[in-house]
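Input: a single structure, listed below in structure tokens.
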Amino acid sequence: MLVQQLINGLTLGSVYALIALGYTMVYGIIELINFAHGEIYMLGAYMGIISFSFLTTLHLTSPTSGVTFLIMMIVAVLFCGACGVTMERVAYRPLRGASRLSPLISALGVSIFLQNFVMLAQGPRDKGFPHLFSGGGIDFPGGRISAIQIFIMATSVIMMVGLQLLVHGTKIGKAMRATAQDKQMASLVGIDVDRVISVTFLIGSALAAVAGVMVGMYYGLINFFIGYIAGIKAFTAAVLGGIGNIPGAMLGGLLLGLIEALGAGYISSEYKDVFAFAILVVVLIFRPSGLLGKDISGRV
Amino acid sequence: MPTPRPSIALIQRPFPRIILTSLWFGLLSLPLMMELKAPFFGLERPLLVSAGVAVASLLRLAVSQRGGLGAERFQRLMGAIAGAGRDLLGRMNRRVLYVVVLASAVVIPLGLNRYHIDILTQVGIYVMLALGLNIVVGLAGLLDLGYVAFYAVGAYTYGLLSTRVGLSFWEVLPLGGLLAAIFGVLLGIPVLRLRGDYLAIVTLGFGEMIRITLNNWDSVTRGPNGILGIARPRMLGFTFSTPIEYYYLILAIVLLTIFVVDRLNRSRIGRAWTAMRDDEVAAEAMGINLMKTKLLAFGLGATWAGFAGVFFAGKMTFISPESFTFFESVIILCMVVLGGMGSVPGVILGASMLVILPEIMRQFALYRMLIFGGAMVVMMVLRPQGLIASSRRGIALGPKDRQGPASAAVTSLQTG
Amino acid sequence: MISGWRIWCVMAGAIVVLALGQAHAASAIKIGVAGPFTGDQGAIGEQGKNGAIIAVEEWNAKGGVLGKKIEVVWGDDQHDPKQAVAVANKFLNEGVAGVIGHYNSSCSIPASTIYHDGKVVQISWGSTNPQLTDRGLWNVFRTIGRDDQQGSVAAAFIAKKLKKTKVVVLHDKTTAGQGQADEVVKALDKDKIKPVYYGAITQGEKDYRPVLTAVKQKNPEALYYGGYYPEAILLTKQMRELGMKAVFVSSDGVWQQEYIDIAGKAAEGAFITFTPDQTKIKEAQGVIKKHKEKFGSDVGAYTVYSYVAANMLLDAIAATKSTDGPKLANHIRKTKWKTALGPIQFDKKGDVLVSPFVVWEVRDGKFVEVR
């Protein structure tokens, strides 16, 4: 059973990681816990299913082709990216000078707004998602890994590697790191801080969109409320790894997935969240800035 | 700065900007609202959204200070009303103002129906909760996202002690507060070294842990079924049972709370809290014991939630884990921030608004929460410091001037 | 940025306008309908809403009741007990003749005290916690069966018909779900069957593979789930994906076409307890047809409970020619009802005397009653 639980956990964790990345990137740049990020992920899931229905109902592409899937991803990424950037412009940019809590409340407002907007536009019932990768998988003594689980883990790894390359290998990545370090200095040396922040939101939202589409396919069922729970989990993961730290978010996500899977499997399914939070507290006691965060116990 | 390109210059002119913005939002809502089977593919709905955005932007333009249609006349009108209001209040003695407010609080409910009185009672409960959280967040600057846990502790303490042991409301009231305070300190201990948003997630986790335990520990808490048959408060043979009786009870408790909290704010510990909030390192350098100060904040802040919980259980006579969700913590936090952190009248106002507004909006049925979310964003954007900003050092600035997650984020984003 | 005082004025104005906007039709009979219409249980609330809407429209088409139109006052409690209390007070304020609601037991219970104070009849369309009626309040009824009633049917089926002895019992940690699961455990015990695994899942989550993997270790032959259809869909699918062959058994919250549609092939061979075939009940034809016409979808598990409750209330008003609470309650309790759920009679506490549940099987993409 252990191997199977590990597979379960890593798959779950990959999804958490993708969402956590968005949280951590935005936090690193403007120190905001973007509570509405979970809703971006939810929107990604909806865009996946909406574009799928659109394509298949109008018989533009076949339900099982790779082209369909590619279009779903692109549509979701574009849409969520646009939403993320708009969200930043409307709800967060005006609050940049204010206390840390004001944008937080604004984010909560955005979150409530988006949840209810989708509920009204798409209906409160769960929406079924077609299986593009049904069946298929590899059986082995310890358990079974399905095609889509492999797919999710692979996609997450590719995305994370891509993100690292972007942040460390490109000009815009450098601009992002500079802005995260010191906004004022960055603008003084000519970096368009507003643009960098928008790009950060864009990328974070794109990652969440990918997670949303994949989750839709993996579980087959979505509703307007999935962003809420996933958001809390991903935020936990980001903090576990050290908020503001990109590899930390990946690590935190995977770890959280594993903790949940092992906790539910071996200890108790009811208390698994308690278990996860308890581990978080223990980790933070010994490493107050998360697993990969730098120690900031504040000794001057 | 380089001369803006013509397209940008165009965007900066108001009307083209409004048109573009409306089209943009319409475009964004298109995929979600479109429906292949509907008459016009449902395209009229995003158009409605565009129209709505256009109208809102036009309104905003008209009201803003930078001119627009009739802005000046509108400004002058508003200014006159505001000025008159300020004059009136300014001329009144502070004390007279308090007496007037108090008298209204006592007398007005006599003429209201049970629905309104019940809402006012709820306002009372949330004022207590918000004042308690204000100590933690507003004064001490500790971002607590799990405050509802202490509320639950108070409520379940009374629920259990009343149904199983038969203790009365007044006997449990101090116990509820004490137990909540203990839990507050218990939460405070592991988070002493944590900064800002790490603290937030742990407190969030704590709140969730309490709720999950309440929901699953069937033998003690009866899980999702909740606890029924909690005794109503009694005093000298008289049982509180009608809405107005509960209202006066909470009014009395709230007045006491306001008095104590206000004293706390002005006391040495209150100043220690704000000093700690503004700059931990400097505060410590001045001789403030950070550990003690933080634990006191958590503990004392939690106490009020405990009292509120006991009252809540006595009013509802039935409690279940569903009343103590993360969302409740969030709403209480909103009350504190919206009202203006650190300021007692602000927090009271915030609590009132966030209880009363959703009730007034019930007539909008399904759109109620949508409007609520939007209103939250609008209110923060229009007035980030809250409605009544604290008189003491207005805004609690972020942790930029002290070692905090920012620096950590910096170095780690750099080296990866 | 706009200065503070202007904000105050605009807001105060808005509040006044909103508060004033509460006009109603002068002479109409009002009934209150309550449930979680928004929020994460909005899908369930929608069912209660639709059932009531159809009933009221039917009556209004026939001229209303007592010569007046029927007006519904909606009460959205968002499955939050304190909002349920506010809604209850609001209903009393508006002078409703009766209340159809709430859905969640945690909402119905505190609200019932208020309705009792105000001498208003309450018929719940979804609360299953026994405590609701155990207190013996004269004004409380429910058209849905109690937790305990379905479980025994499922347990007997598993033990005697399917002859499975290695049974896993899961629930969603809600009053209804856990109640059903506990009842199944009790009933299985009578046949000397003890579940090899008993546990809960969290509503709203998606991934139950960890729990199912642990369950799979016990090689179960049957899995009983007490809960609602979204989780049931996920459980069923994930069970099959993990290669589990156990029979899936569940209760009325899962008896939804969506379960079959979305779970697809994985749902084949599942057994769900539910009321007998409504298409064979005369009184149900109307609501089934009208629901399809008006809302474009099939009735949900709770739609009919709400429809029946609304009809009972309106019928009582018409029959007693009054809106007096005690009279209505008396009428409701004494009448032998013929409803879309079958024949119903209430006991002294307000529970349905005999709640008939039968077993349905998912066969070839449809629900088929098992004989």
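As shown in the structure tokens, the chain order sets the letters A, B, ...; within each chain, residues go from 1, and ligands are also counted from 1 in the order they appear.
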Per DSSP on the backbone, what are the helix (DSSP H, G or I) residues of region 124-268 of chain A, as a ChimeraX atom specification? /A:147-169,171-181,183-188,193-219,226-241,246-267
Skip Val193 (chain A) itself and residues of its chain fewer than 4 positions away, then list as number ranges by chain all residues within 9 Å of it, counting only C-alpha atoms. A: 175-176, 179, 183-184, 186-187, 197-198
What is the CA of Pro110 (chain C) to CA of Asp144 (chain B) distance in Å? 29.5 Å
Contacts of region 252-256 of chain B at 8 Å (only C-alpha atoms; same-chain gap of 6+ positions) as JSON, numbers by chain: {"B": [124, 125, 127, 128]}
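By chain and then residue number, the residues within 12 Å of Ser50 (chain B) are Ile18, Ile19, Leu20, Thr21, Ser22, Leu23, Trp24, Phe25, Gly26, Leu27, Leu28, Ser29, Leu30, Leu43, Glu44, Arg45, Pro46, Ala54, Val55, Ala56 and Ser57 of chain B, counting only C-alpha atoms and disregarding those fewer than 4 positions away in sequence.
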For the residues in that selection, give me N, CA and C atoms as a compact mmCIF listing (two decimals), in the first residue's frame.
# COMPACT_ATOMS: atom_id res chain seq x y z
N ILE B 18 -13.06 54.20 -20.64
CA ILE B 18 -14.26 53.52 -20.13
C ILE B 18 -14.75 52.51 -21.14
N ILE B 19 -14.74 52.88 -22.41
CA ILE B 19 -15.22 51.95 -23.43
C ILE B 19 -14.35 50.70 -23.46
N LEU B 20 -13.03 50.92 -23.46
CA LEU B 20 -12.13 49.77 -23.50
C LEU B 20 -12.31 48.88 -22.27
N THR B 21 -12.40 49.51 -21.10
CA THR B 21 -12.57 48.73 -19.88
C THR B 21 -13.85 47.91 -19.93
N SER B 22 -14.94 48.53 -20.34
CA SER B 22 -16.20 47.80 -20.41
C SER B 22 -16.11 46.62 -21.36
N LEU B 23 -15.50 46.87 -22.53
CA LEU B 23 -15.36 45.78 -23.49
C LEU B 23 -14.51 44.66 -22.91
N TRP B 24 -13.46 45.04 -22.22
CA TRP B 24 -12.56 44.04 -21.63
C TRP B 24 -13.32 43.13 -20.67
N PHE B 25 -14.09 43.75 -19.75
CA PHE B 25 -14.82 42.93 -18.77
C PHE B 25 -15.88 42.09 -19.44
N GLY B 26 -16.49 42.68 -20.48
CA GLY B 26 -17.48 41.89 -21.21
C GLY B 26 -16.82 40.68 -21.84
N LEU B 27 -15.65 40.90 -22.39
CA LEU B 27 -14.91 39.81 -23.02
C LEU B 27 -14.55 38.72 -22.00
N LEU B 28 -14.13 39.16 -20.83
CA LEU B 28 -13.76 38.19 -19.80
C LEU B 28 -14.95 37.36 -19.35
N SER B 29 -16.10 38.00 -19.28
CA SER B 29 -17.25 37.23 -18.80
C SER B 29 -17.90 36.42 -19.90
N LEU B 30 -17.48 36.64 -21.12
CA LEU B 30 -18.09 35.93 -22.25
C LEU B 30 -18.00 34.41 -22.13
N LEU B 43 -25.23 35.72 -25.58
CA LEU B 43 -24.29 36.83 -25.70
C LEU B 43 -24.80 38.10 -25.06
N GLU B 44 -26.10 38.13 -24.79
CA GLU B 44 -26.60 39.36 -24.19
C GLU B 44 -26.10 39.53 -22.77
N ARG B 45 -25.70 38.41 -22.13
CA ARG B 45 -25.28 38.54 -20.74
C ARG B 45 -23.95 39.26 -20.59
N PRO B 46 -22.92 38.88 -21.36
CA PRO B 46 -21.69 39.67 -21.26
C PRO B 46 -21.91 41.12 -21.64
N ALA B 54 -19.54 49.96 -17.60
CA ALA B 54 -19.52 51.32 -18.17
C ALA B 54 -20.23 52.29 -17.24
N VAL B 55 -21.39 51.88 -16.78
CA VAL B 55 -22.16 52.75 -15.89
C VAL B 55 -21.38 53.05 -14.63
N ALA B 56 -20.80 52.01 -14.05
CA ALA B 56 -20.05 52.20 -12.81
C ALA B 56 -18.87 53.14 -13.03
N SER B 57 -18.18 52.95 -14.14
CA SER B 57 -17.02 53.81 -14.41
C SER B 57 -17.46 55.25 -14.60
Enumerate the residues of region 27-274 of chain C with a DSSP assignment of strand (DSSP E), computed from the backbone, and present them as a PyMOL selection string. chain C and resi 28-35+69-76+98-100+121-124+140-142+167-171+197-200+222-226+247-250+271-274
Mind writing the picked residues with C-alpha atoms as an mmCIF file, in the first residue's frame?
data_model
loop_
_atom_site.group_PDB
_atom_site.id
_atom_site.type_symbol
_atom_site.label_atom_id
_atom_site.label_comp_id
_atom_site.auth_asym_id
_atom_site.auth_seq_id
_atom_site.Cartn_x
_atom_site.Cartn_y
_atom_site.Cartn_z
ATOM 1 C CA ALA C 28 -51.241 37.796 -0.581
ATOM 2 C CA ILE C 29 -50.699 34.720 1.491
ATOM 3 C CA LYS C 30 -47.019 34.451 2.264
ATOM 4 C CA ILE C 31 -45.086 31.295 2.870
ATOM 5 C CA GLY C 32 -41.450 31.104 3.786
ATOM 6 C CA VAL C 33 -39.060 28.814 1.949
ATOM 7 C CA ALA C 34 -35.629 28.397 3.487
ATOM 8 C CA GLY C 35 -32.455 26.605 2.530
ATOM 9 C CA LYS C 69 -52.200 34.762 -4.536
ATOM 10 C CA ILE C 70 -49.405 32.931 -2.817
ATOM 11 C CA GLU C 71 -46.196 34.838 -2.357
ATOM 12 C CA VAL C 72 -42.963 33.154 -1.411
ATOM 13 C CA VAL C 73 -40.536 34.787 0.971
ATOM 14 C CA TRP C 74 -37.134 33.301 0.332
ATOM 15 C CA GLY C 75 -34.737 32.696 3.205
ATOM 16 C CA ASP C 76 -31.143 31.933 2.261
ATOM 17 C CA GLY C 98 -45.879 28.538 7.344
ATOM 18 C CA VAL C 99 -42.304 27.648 6.519
ATOM 19 C CA ILE C 100 -40.947 25.077 4.101
ATOM 20 C CA VAL C 121 -45.776 25.589 11.166
ATOM 21 C CA GLN C 122 -42.464 24.297 9.848
ATOM 22 C CA ILE C 123 -42.044 21.454 7.383
ATOM 23 C CA SER C 124 -38.453 20.580 6.674
ATOM 24 C CA VAL C 140 -42.353 20.814 13.355
ATOM 25 C CA PHE C 141 -42.723 18.263 10.559
ATOM 26 C CA ARG C 142 -40.510 16.790 7.924
ATOM 27 C CA VAL C 167 -18.250 -4.481 4.205
ATOM 28 C CA VAL C 168 -16.657 -1.067 4.371
ATOM 29 C CA VAL C 169 -18.705 1.850 5.680
ATOM 30 C CA LEU C 170 -17.814 5.436 4.827
ATOM 31 C CA HIS C 171 -19.635 8.699 5.387
ATOM 32 C CA TYR C 197 -13.388 -0.451 7.933
ATOM 33 C CA TYR C 198 -15.404 2.500 9.192
ATOM 34 C CA GLY C 199 -14.333 6.014 8.382
ATOM 35 C CA ALA C 200 -15.207 9.431 7.058
ATOM 36 C CA ALA C 222 -19.133 -4.057 -0.568
ATOM 37 C CA LEU C 223 -18.691 -0.400 0.250
ATOM 38 C CA TYR C 224 -21.531 1.574 1.776
ATOM 39 C CA TYR C 225 -21.366 5.320 1.547
ATOM 40 C CA GLY C 226 -23.602 7.645 3.539
ATOM 41 C CA VAL C 247 -20.081 -3.285 -4.820
ATOM 42 C CA PHE C 248 -21.001 0.337 -4.192
ATOM 43 C CA VAL C 249 -24.099 0.945 -2.084
ATOM 44 C CA SER C 250 -25.467 4.315 -1.104
ATOM 45 C CA PHE C 271 -27.102 0.006 -5.570
ATOM 46 C CA ILE C 272 -28.844 3.099 -4.231
ATOM 47 C CA THR C 273 -31.746 3.206 -1.779
ATOM 48 C CA PHE C 274 -34.524 5.593 -2.686
#
Compute the set of chain A residues within 6 Å of chain B, using only C-alpha atoms, and express it as a PyMOL selection string. chain A and resi 28+99-100+102+106+109+112-113+116+121+180-181+244-245+274+277+288+294+298
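Going from CA of Ser168 (chain B) over to CA of Gly237 (chain B), you cover 12.1 Å.
Across C:Gly264, C:Gly136, C:Gly67, C:Gly227, the tightest approach to chain A is made by C:Gly264 when counting only C-alpha atoms.
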Residue contacts of Gly142 (chain A) (10 Å, only C-alpha atoms) excluding same-chain residues fewer than 5 positions away, as a list in words: Met1, Leu2, Val3, Gln4 and Gln5 of chain A
Pick out the closest residue to Ala234 (chain A) from this set: A:Val282, A:Val167, A:Leu221, A:Leu254. Count only C-alpha atoms. A:Leu254
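Nearest residue to chain A among C:Arg371, C:Lys282, C:Lys218, C:Lys334 is C:Lys218, counting only C-alpha atoms.
Rounded to one decimal, CA of Gln238 (chain C) and CA of Leu214 (chain B) lie 28.5 Å from each other.
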Residues of chain B within 9 Å of chain C, counting only C-alpha atoms, as a PyMOL selection string: chain B and resi 63-65+75+78-79+81-83+113-116+118-119+122+215-216+223-226+228+316-320+322-323+357+359-363+365-369+379+381-383+387-388
Up to 10 Å from chain A, what residues of chain C turn up? Count only C-alpha atoms and give them as a short mmCIF file (atom, residue, chain, number, x, y, z; two decimals) with C-alpha atoms, in the first residue's frame.
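What landed in part-v2.cif:
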data_model
loop_
_atom_site.label_atom_id
_atom_site.label_comp_id
_atom_site.auth_asym_id
_atom_site.auth_seq_id
_atom_site.Cartn_x
_atom_site.Cartn_y
_atom_site.Cartn_z
CA MET C 1 -8.89 58.83 -3.82
CA PHE C 37 -29.53 28.91 -1.72
CA THR C 38 -26.07 30.40 -2.07
CA GLY C 39 -22.72 29.15 -0.93
CA ASP C 40 -21.15 25.75 -1.35
CA GLN C 41 -24.43 23.88 -0.88
CA GLY C 42 -26.21 26.03 -3.41
CA ALA C 43 -26.90 23.00 -5.59
CA ILE C 44 -28.97 21.40 -2.85
CA GLY C 45 -30.70 24.64 -2.00
CA GLU C 46 -31.63 24.96 -5.64
CA ASP C 172 -19.14 12.42 4.79
CA LYS C 173 -19.22 13.59 8.37
CA GLY C 199 -14.33 6.01 8.38
CA ALA C 200 -15.21 9.43 7.06
CA ILE C 201 -14.19 11.52 4.10
CA THR C 202 -14.25 15.27 3.85
CA GLY C 204 -15.75 19.15 -0.95
CA GLU C 205 -12.40 17.48 -1.40
CA LYS C 206 -11.70 15.59 -4.53
CA ASP C 207 -9.07 13.03 -3.79
CA TYR C 208 -10.20 10.01 -1.85
CA ARG C 209 -7.54 7.71 -3.21
CA PRO C 210 -5.60 7.65 0.07
CA VAL C 211 -8.61 6.39 2.00
CA LEU C 212 -9.63 4.01 -0.76
CA THR C 213 -6.13 2.63 -0.97
CA ALA C 214 -6.25 1.90 2.76
CA VAL C 215 -9.71 0.39 2.36
CA LYS C 216 -8.59 -1.75 -0.53
CA GLN C 217 -6.15 -3.49 1.77
CA TYR C 229 -23.71 12.47 -4.96
CA PRO C 230 -20.64 14.60 -5.80
CA GLU C 231 -18.54 12.65 -3.35
CA ILE C 233 -19.23 10.07 -8.00
CA LEU C 234 -15.61 10.59 -7.02
CA LEU C 235 -15.57 7.57 -4.71
CA LYS C 237 -14.68 6.45 -10.08
CA GLN C 238 -11.61 6.31 -7.91
CA ARG C 240 -12.63 1.51 -10.09
CA GLU C 241 -9.45 3.32 -11.08
CA LEU C 242 -7.68 1.72 -8.16
CA GLY C 243 -8.93 -1.63 -9.32
CA GLU C 258 -25.60 13.11 -12.65
CA TYR C 259 -24.20 10.23 -10.66
CA ASP C 261 -23.70 10.49 -16.22
CA ILE C 262 -20.46 11.59 -14.67
CA ALA C 263 -19.30 8.37 -13.04
CA GLY C 264 -19.99 6.64 -16.31
#
Using only C-alpha atoms, which residue out of C:Ala270, C:Val359, C:Leu341, C:Ile193 lies closest to Ala309 (chain C)? C:Leu341
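For the residues B:Ile250, B:Ala152, B:Met235, B:Ala272, ranking by smallest atom-to-atom distance to Met286 (chain B) using only C-alpha atoms places B:Ala272 first.
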Report as number ranges by chain all protein, DNA and RNA residues lying within 8 Å of region 294-305 of chain B, evaluated on only C-alpha atoms, omitting residues in the same chain fewer than 4 positions from it. B: 128-129, 131-136, 140, 147-148, 150-151, 154, 176-185, 187-189, 192, 257, 273, 290, 309
As an MDAnalysis selection string, please: the residues near Pro103 (chain A) (cut-off 6 Å, only C-alpha atoms, same-chain neighbours under 4 positions excluded). chainID A and resid 92 95 107
Give me a file of those residues, with C-alpha atoms, as a PDB file, in the first residue's frame.
ATOM      1  CA  TYR A  92      -4.477  45.377  -5.636  1.00  0.00           C
ATOM      2  CA  LEU A  95      -3.735  49.547  -2.515  1.00  0.00           C
ATOM      3  CA  ALA A 107      -8.354  39.797  -2.174  1.00  0.00           C
TER       4      ALA A 107
END
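Among the candidate residues C:Val287, C:Ile344, C:Ala155, C:Leu313, the one lying nearest to Val96 (chain C) is C:Leu313, with distances computed using only C-alpha atoms.
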